[in-house]
>>> print(open('input_24.tsv').read())   # TSV, N, CA and C atoms
chain	number	residue	atom	x	y	z
V	1	MET	N	-122.64	-49.84	-29.98
V	1	MET	CA	-121.41	-49.31	-29.43
V	1	MET	C	-121.75	-48.02	-28.67
V	2	THR	N	-121.14	-47.86	-27.54
V	2	THR	CA	-121.39	-46.68	-26.73
V	2	THR	C	-120.23	-45.71	-26.84
V	3	PHE	N	-120.53	-44.47	-26.61
V	3	PHE	CA	-119.52	-43.42	-26.65
V	3	PHE	C	-119.03	-43.17	-25.24
V	4	ASP	N	-117.74	-43.29	-25.06
V	4	ASP	CA	-117.14	-43.08	-23.74
V	4	ASP	C	-116.16	-41.91	-23.84
V	5	LEU	N	-116.43	-40.86	-23.12
V	5	LEU	CA	-115.60	-39.67	-23.16
V	5	LEU	C	-114.18	-39.94	-22.67
V	6	ALA	N	-114.03	-40.79	-21.66
V	6	ALA	CA	-112.71	-41.11	-21.13
V	6	ALA	C	-111.86	-41.84	-22.17
V	7	THR	N	-112.49	-42.73	-22.93
V	7	THR	CA	-111.76	-43.45	-23.99
V	7	THR	C	-111.33	-42.48	-25.08
V	8	LEU	N	-112.22	-41.60	-25.48
V	8	LEU	CA	-111.87	-40.60	-26.50
V	8	LEU	C	-110.73	-39.71	-26.02
V	9	ALA	N	-110.78	-39.29	-24.77
V	9	ALA	CA	-109.72	-38.45	-24.21
V	9	ALA	C	-108.38	-39.20	-24.19
V	10	ALA	N	-108.40	-40.47	-23.85
V	10	ALA	CA	-107.18	-41.26	-23.83
V	10	ALA	C	-106.60	-41.40	-25.24
V	11	ILE	N	-107.47	-41.66	-26.22
V	11	ILE	CA	-107.01	-41.79	-27.61
V	11	ILE	C	-106.40	-40.48	-28.09
V	12	LEU	N	-107.07	-39.37	-27.81
V	12	LEU	CA	-106.54	-38.07	-28.23
V	12	LEU	C	-105.23	-37.73	-27.53
V	13	ALA	N	-105.12	-38.07	-26.26
V	13	ALA	CA	-103.87	-37.82	-25.53
V	13	ALA	C	-102.72	-38.65	-26.09
V	14	MET	N	-102.99	-39.90	-26.42
V	14	MET	CA	-101.94	-40.75	-27.01
V	14	MET	C	-101.55	-40.25	-28.39
V	15	ALA	N	-102.52	-39.81	-29.18
V	15	ALA	CA	-102.22	-39.27	-30.51
V	15	ALA	C	-101.37	-38.01	-30.38
V	16	GLY	N	-101.72	-37.16	-29.43
V	16	GLY	CA	-100.94	-35.95	-29.21
V	16	GLY	C	-99.52	-36.24	-28.75
V	17	ALA	N	-99.37	-37.19	-27.84
V	17	ALA	CA	-98.03	-37.56	-27.37
V	17	ALA	C	-97.19	-38.13	-28.51
V	18	THR	N	-97.81	-38.94	-29.36
V	18	THR	CA	-97.08	-39.50	-30.50
V	18	THR	C	-96.63	-38.40	-31.45
V	19	ALA	N	-97.55	-37.49	-31.77
V	19	ALA	CA	-97.21	-36.40	-32.69
V	19	ALA	C	-96.12	-35.50	-32.12
V	20	LEU	N	-96.22	-35.17	-30.84
V	20	LEU	CA	-95.20	-34.32	-30.23
V	20	LEU	C	-93.84	-35.01	-30.18
V	21	THR	N	-93.82	-36.30	-29.93
V	21	THR	CA	-92.56	-37.04	-29.90
V	21	THR	C	-91.89	-37.01	-31.28
V	22	ARG	N	-92.68	-37.26	-32.30
V	22	ARG	CA	-92.12	-37.25	-33.66
V	22	ARG	C	-91.66	-35.87	-34.07
V	23	LEU	N	-92.48	-34.86	-33.82
V	23	LEU	CA	-92.10	-33.50	-34.18
V	23	LEU	C	-90.89	-33.03	-33.37
V	24	GLY	N	-90.85	-33.41	-32.11
V	24	GLY	CA	-89.71	-33.04	-31.27
V	24	GLY	C	-88.41	-33.62	-31.79
V	25	GLY	N	-88.46	-34.86	-32.22
V	25	GLY	CA	-87.26	-35.48	-32.78
V	25	GLY	C	-86.80	-34.77	-34.04
V	26	LEU	N	-87.74	-34.41	-34.90
V	26	LEU	CA	-87.39	-33.70	-36.13
V	26	LEU	C	-86.80	-32.32	-35.83
V	27	LEU	N	-87.38	-31.64	-34.86
V	27	LEU	CA	-86.87	-30.31	-34.51
V	27	LEU	C	-85.48	-30.38	-33.89
V	28	VAL	N	-85.25	-31.36	-33.04
V	28	VAL	CA	-83.93	-31.50	-32.40
V	28	VAL	C	-82.87	-31.87	-33.44
V	29	LEU	N	-83.19	-32.79	-34.33
V	29	LEU	CA	-82.22	-33.21	-35.34
V	29	LEU	C	-81.92	-32.11	-36.35
V	30	ARG	N	-82.79	-31.14	-36.47
V	30	ARG	CA	-82.54	-30.03	-37.39
V	30	ARG	C	-81.31	-29.22	-36.97
V	31	PHE	N	-81.04	-29.18	-35.67
V	31	PHE	CA	-79.95	-28.37	-35.15
V	31	PHE	C	-78.71	-29.19	-34.78
V	32	VAL	N	-78.71	-30.46	-35.12
V	32	VAL	CA	-77.59	-31.34	-34.78
V	32	VAL	C	-76.92	-31.81	-36.06
V	33	ALA	N	-75.60	-31.68	-36.12
V	33	ALA	CA	-74.85	-32.20	-37.27
V	33	ALA	C	-74.57	-33.68	-37.02
V	34	LEU	N	-75.07	-34.52	-37.90
V	34	LEU	CA	-74.90	-35.96	-37.73
V	34	LEU	C	-73.66	-36.45	-38.47
V	35	GLN	N	-72.92	-37.29	-37.79
V	35	GLN	CA	-71.79	-37.95	-38.43
V	35	GLN	C	-72.32	-39.01	-39.39
V	36	PRO	N	-71.56	-39.40	-40.40
V	36	PRO	CA	-72.03	-40.44	-41.33
V	36	PRO	C	-72.39	-41.75	-40.63
V	37	ARG	N	-71.63	-42.10	-39.62
V	37	ARG	CA	-71.90	-43.34	-38.88
V	37	ARG	C	-73.24	-43.25	-38.15
V	38	THR	N	-73.53	-42.10	-37.56
V	38	THR	CA	-74.80	-41.90	-36.87
V	38	THR	C	-75.95	-41.91	-37.86
V	39	ARG	N	-75.76	-41.30	-39.01
V	39	ARG	CA	-76.80	-41.28	-40.04
V	39	ARG	C	-77.12	-42.72	-40.50
V	40	ARG	N	-76.08	-43.54	-40.71
V	40	ARG	CA	-76.31	-44.93	-41.11
V	40	ARG	C	-77.06	-45.70	-40.02
V	41	ALA	N	-76.73	-45.41	-38.77
V	41	ALA	CA	-77.42	-46.09	-37.66
V	41	ALA	C	-78.90	-45.69	-37.63
V	42	LEU	N	-79.19	-44.42	-37.82
V	42	LEU	CA	-80.58	-43.97	-37.84
V	42	LEU	C	-81.34	-44.53	-39.05
V	43	ASP	N	-80.65	-44.65	-40.18
V	43	ASP	CA	-81.29	-45.22	-41.37
V	43	ASP	C	-81.58	-46.71	-41.21
V	44	ALA	N	-80.88	-47.37	-40.29
V	44	ALA	CA	-81.09	-48.81	-40.07
V	44	ALA	C	-82.28	-49.09	-39.15
V	45	ILE	N	-82.81	-48.08	-38.50
V	45	ILE	CA	-83.90	-48.31	-37.55
V	45	ILE	C	-85.19	-48.80	-38.22
V	46	PRO	N	-85.68	-48.19	-39.30
V	46	PRO	CA	-86.94	-48.68	-39.88
V	46	PRO	C	-86.91	-50.15	-40.30
V	47	PRO	N	-85.87	-50.62	-41.01
V	47	PRO	CA	-85.86	-52.05	-41.33
V	47	PRO	C	-85.77	-52.94	-40.08
V	48	ALA	N	-85.08	-52.47	-39.05
V	48	ALA	CA	-84.99	-53.26	-37.83
V	48	ALA	C	-86.34	-53.36	-37.14
V	49	VAL	N	-87.09	-52.27	-37.12
V	49	VAL	CA	-88.43	-52.30	-36.53
V	49	VAL	C	-89.34	-53.21	-37.35
V	50	LEU	N	-89.26	-53.12	-38.67
V	50	LEU	CA	-90.06	-53.98	-39.53
V	50	LEU	C	-89.74	-55.45	-39.27
V	51	ALA	N	-88.47	-55.77	-39.14
V	51	ALA	CA	-88.08	-57.16	-38.86
V	51	ALA	C	-88.61	-57.61	-37.50
V	52	ALA	N	-88.56	-56.74	-36.52
V	52	ALA	CA	-89.06	-57.10	-35.19
V	52	ALA	C	-90.57	-57.32	-35.20
V	53	VAL	N	-91.28	-56.63	-36.07
V	53	VAL	CA	-92.73	-56.78	-36.13
V	53	VAL	C	-93.12	-58.05	-36.89
V	54	VAL	N	-92.43	-58.35	-37.99
V	54	VAL	CA	-92.86	-59.47	-38.83
V	54	VAL	C	-92.26	-60.81	-38.44
V	55	THR	N	-91.17	-60.85	-37.71
V	55	THR	CA	-90.54	-62.12	-37.36
V	55	THR	C	-91.45	-63.04	-36.54
V	56	PRO	N	-92.15	-62.56	-35.52
V	56	PRO	CA	-93.05	-63.48	-34.81
V	56	PRO	C	-94.11	-64.09	-35.73
V	57	THR	N	-94.60	-63.31	-36.68
V	57	THR	CA	-95.58	-63.82	-37.64
V	57	THR	C	-94.96	-64.88	-38.52
V	58	ALA	N	-93.74	-64.63	-38.97
V	58	ALA	CA	-93.07	-65.58	-39.86
V	58	ALA	C	-92.81	-66.91	-39.17
V	59	LEU	N	-92.56	-66.88	-37.88
V	59	LEU	CA	-92.20	-68.11	-37.18
V	59	LEU	C	-93.38	-68.84	-36.55
V	60	SER	N	-94.54	-68.20	-36.47
V	60	SER	CA	-95.64	-68.85	-35.75
V	60	SER	C	-96.88	-69.09	-36.59
V	61	THR	N	-96.83	-68.80	-37.88
V	61	THR	CA	-98.03	-68.99	-38.71
V	61	THR	C	-97.70	-69.91	-39.88
V	62	GLY	N	-98.53	-69.87	-40.90
V	62	GLY	CA	-98.41	-70.80	-42.02
V	62	GLY	C	-97.37	-70.41	-43.05
V	63	LEU	N	-97.34	-71.20	-44.11
V	63	LEU	CA	-96.35	-71.01	-45.17
V	63	LEU	C	-96.56	-69.69	-45.90
V	64	ALA	N	-97.81	-69.30	-46.14
V	64	ALA	CA	-98.08	-68.05	-46.85
V	64	ALA	C	-97.49	-66.85	-46.11
V	65	GLU	N	-97.67	-66.83	-44.80
V	65	GLU	CA	-97.15	-65.73	-44.00
V	65	GLU	C	-95.62	-65.74	-43.95
V	66	THR	N	-95.04	-66.92	-43.88
V	66	THR	CA	-93.58	-67.02	-43.85
V	66	THR	C	-92.97	-66.51	-45.14
V	67	ILE	N	-93.53	-66.91	-46.27
V	67	ILE	CA	-93.01	-66.45	-47.57
V	67	ILE	C	-93.22	-64.94	-47.72
V	68	ALA	N	-94.38	-64.45	-47.29
V	68	ALA	CA	-94.66	-63.02	-47.38
V	68	ALA	C	-93.70	-62.21	-46.49
V	69	CYS	N	-93.35	-62.74	-45.33
V	69	CYS	CA	-92.39	-62.06	-44.46
V	69	CYS	C	-91.02	-61.99	-45.10
V	70	LEU	N	-90.63	-63.07	-45.76
V	70	LEU	CA	-89.35	-63.06	-46.48
V	70	LEU	C	-89.38	-62.04	-47.61
V	71	ALA	N	-90.48	-61.99	-48.35
V	71	ALA	CA	-90.62	-61.01	-49.43
V	71	ALA	C	-90.56	-59.58	-48.88
V	72	THR	N	-91.18	-59.37	-47.74
V	72	THR	CA	-91.17	-58.05	-47.11
V	72	THR	C	-89.75	-57.66	-46.70
V	73	ALA	N	-89.03	-58.60	-46.13
V	73	ALA	CA	-87.65	-58.33	-45.71
V	73	ALA	C	-86.77	-58.00	-46.91
V	74	LEU	N	-86.93	-58.74	-47.99
V	74	LEU	CA	-86.14	-58.46	-49.19
V	74	LEU	C	-86.53	-57.12	-49.80
V	75	ALA	N	-87.81	-56.81	-49.81
V	75	ALA	CA	-88.25	-55.52	-50.35
V	75	ALA	C	-87.73	-54.36	-49.50
V	76	ALA	N	-87.63	-54.57	-48.19
V	76	ALA	CA	-87.15	-53.52	-47.29
V	76	ALA	C	-85.69	-53.16	-47.53
V	77	LEU	N	-84.96	-54.05	-48.18
V	77	LEU	CA	-83.56	-53.74	-48.49
V	77	LEU	C	-83.44	-52.64	-49.55
V	78	ARG	N	-84.47	-52.50	-50.40
V	78	ARG	CA	-84.40	-51.54	-51.50
V	78	ARG	C	-85.49	-50.47	-51.47
V	79	LEU	N	-86.60	-50.75	-50.80
V	79	LEU	CA	-87.74	-49.84	-50.83
V	79	LEU	C	-87.91	-49.16	-49.48
V	80	PRO	N	-88.60	-48.01	-49.48
V	80	PRO	CA	-88.96	-47.40	-48.20
V	80	PRO	C	-89.93	-48.30	-47.43
V	81	MET	N	-90.19	-47.94	-46.20
V	81	MET	CA	-90.98	-48.77	-45.30
V	81	MET	C	-92.38	-49.10	-45.81
V	82	LEU	N	-93.13	-48.09	-46.24
V	82	LEU	CA	-94.51	-48.31	-46.66
V	82	LEU	C	-94.63	-49.22	-47.88
V	83	PRO	N	-93.85	-49.00	-48.94
V	83	PRO	CA	-93.93	-49.93	-50.07
V	83	PRO	C	-93.49	-51.35	-49.71
V	84	ALA	N	-92.50	-51.48	-48.84
V	84	ALA	CA	-92.06	-52.82	-48.42
V	84	ALA	C	-93.18	-53.54	-47.67
V	85	ALA	N	-93.88	-52.81	-46.80
V	85	ALA	CA	-95.01	-53.42	-46.10
V	85	ALA	C	-96.13	-53.77	-47.06
V	86	ALA	N	-96.33	-52.94	-48.08
V	86	ALA	CA	-97.36	-53.23	-49.09
V	86	ALA	C	-97.03	-54.49	-49.87
V	87	VAL	N	-95.75	-54.70	-50.15
V	87	VAL	CA	-95.33	-55.93	-50.82
V	87	VAL	C	-95.70	-57.13	-49.97
V	88	GLY	N	-95.44	-57.06	-48.68
V	88	GLY	CA	-95.78	-58.16	-47.79
V	88	GLY	C	-97.26	-58.43	-47.72
V	89	VAL	N	-98.07	-57.38	-47.64
V	89	VAL	CA	-99.52	-57.54	-47.58
V	89	VAL	C	-100.04	-58.18	-48.87
V	90	CYS	N	-99.55	-57.69	-50.00
V	90	CYS	CA	-99.98	-58.26	-51.29
V	90	CYS	C	-99.55	-59.72	-51.42
V	91	CYS	N	-98.33	-60.03	-50.99
V	91	CYS	CA	-97.84	-61.41	-51.08
V	91	CYS	C	-98.67	-62.35	-50.22
V	92	VAL	N	-98.95	-61.96	-49.00
V	92	VAL	CA	-99.72	-62.86	-48.13
V	92	VAL	C	-101.13	-63.04	-48.67
V	93	ALA	N	-101.71	-62.00	-49.23
V	93	ALA	CA	-103.05	-62.14	-49.81
V	93	ALA	C	-103.02	-63.10	-51.01
V	94	LEU	N	-102.03	-62.94	-51.87
V	94	LEU	CA	-101.92	-63.83	-53.03
V	94	LEU	C	-101.64	-65.28	-52.63
V	95	PHE	N	-100.75	-65.47	-51.68
V	95	PHE	CA	-100.42	-66.83	-51.27
V	95	PHE	C	-101.59	-67.49	-50.55
V	96	ARG	N	-102.34	-66.75	-49.77
V	96	ARG	CA	-103.53	-67.32	-49.12
V	96	ARG	C	-104.58	-67.68	-50.16
V	97	GLN	N	-104.72	-66.83	-51.18
V	97	GLN	CA	-105.67	-67.12	-52.25
V	97	GLN	C	-105.25	-68.37	-53.01
V	98	ALA	N	-103.94	-68.57	-53.16
V	98	ALA	CA	-103.43	-69.74	-53.86
V	98	ALA	C	-103.53	-71.00	-53.02
V	99	GLY	N	-103.84	-70.86	-51.74
V	99	GLY	CA	-104.01	-72.02	-50.88
V	99	GLY	C	-102.78	-72.46	-50.13
V	100	LEU	N	-101.79	-71.60	-50.04
V	100	LEU	CA	-100.60	-71.97	-49.28
V	100	LEU	C	-100.80	-71.81	-47.80
>>> encode(input="input_24.tsv", output="structure tokens")
Amino acid sequence: MTFDLATLAAILAMAGATALTRLGGLLVLRFVALQPRTRRALDAIPPAVLAAVVTPTALSTGLAETIACLATALAALRLPMLPAAAVGVCCVALFRQAGL
């Protein structure tokens, strides 16, 4: 593997843009009073993103992935994003090991 300075610069620039976008959103929301309806809408974004990411996998792969996607969706109803994704990863690993 070769070291390319332009690739490293691009990766660092993208990481910086991502961090600034996230921090900017947190700073702006600190000074804004959110209505309950707006708060519920913002709370619905992570499960919606998770569903958008896992749905193509659920519909285009095998039974193990489909069941794991369903488990992930159900876990996302009660758990934060990271534990829900962990449930899906564990499920797909177990189901693949079982031969589904």
>>> select_by_dssp(input="input_24.tsv", residues="chain V", states="helix (DSSP H, G or I)", output="ChimeraX atom specification")
/V:5-30,36-43,45-60,63-76,81-98
>>> residues_around(input="input_24.tsv", residues="region 87-90 of chain V", least_positions_apart="2", cutoff="6.5 Å", atoms="only N, CA and C atoms", output="list in words")
Ala68, Cys69, Ala71, Thr72, Leu82, Pro83, Ala84, Ala85, Val92, Ala93, Leu94 and Phe95 of chain V
>>> atom_distance(input="input_24.tsv", atom1="atom C of Ala75 (chain V)", atom2="atom N of Asp43 (chain V)")
15.2 Å
>>> atom_distance(input="input_24.tsv", atom1="CA of Thr55 (chain V)", atom2="CA of Ile67 (chain V)")
11.4 Å
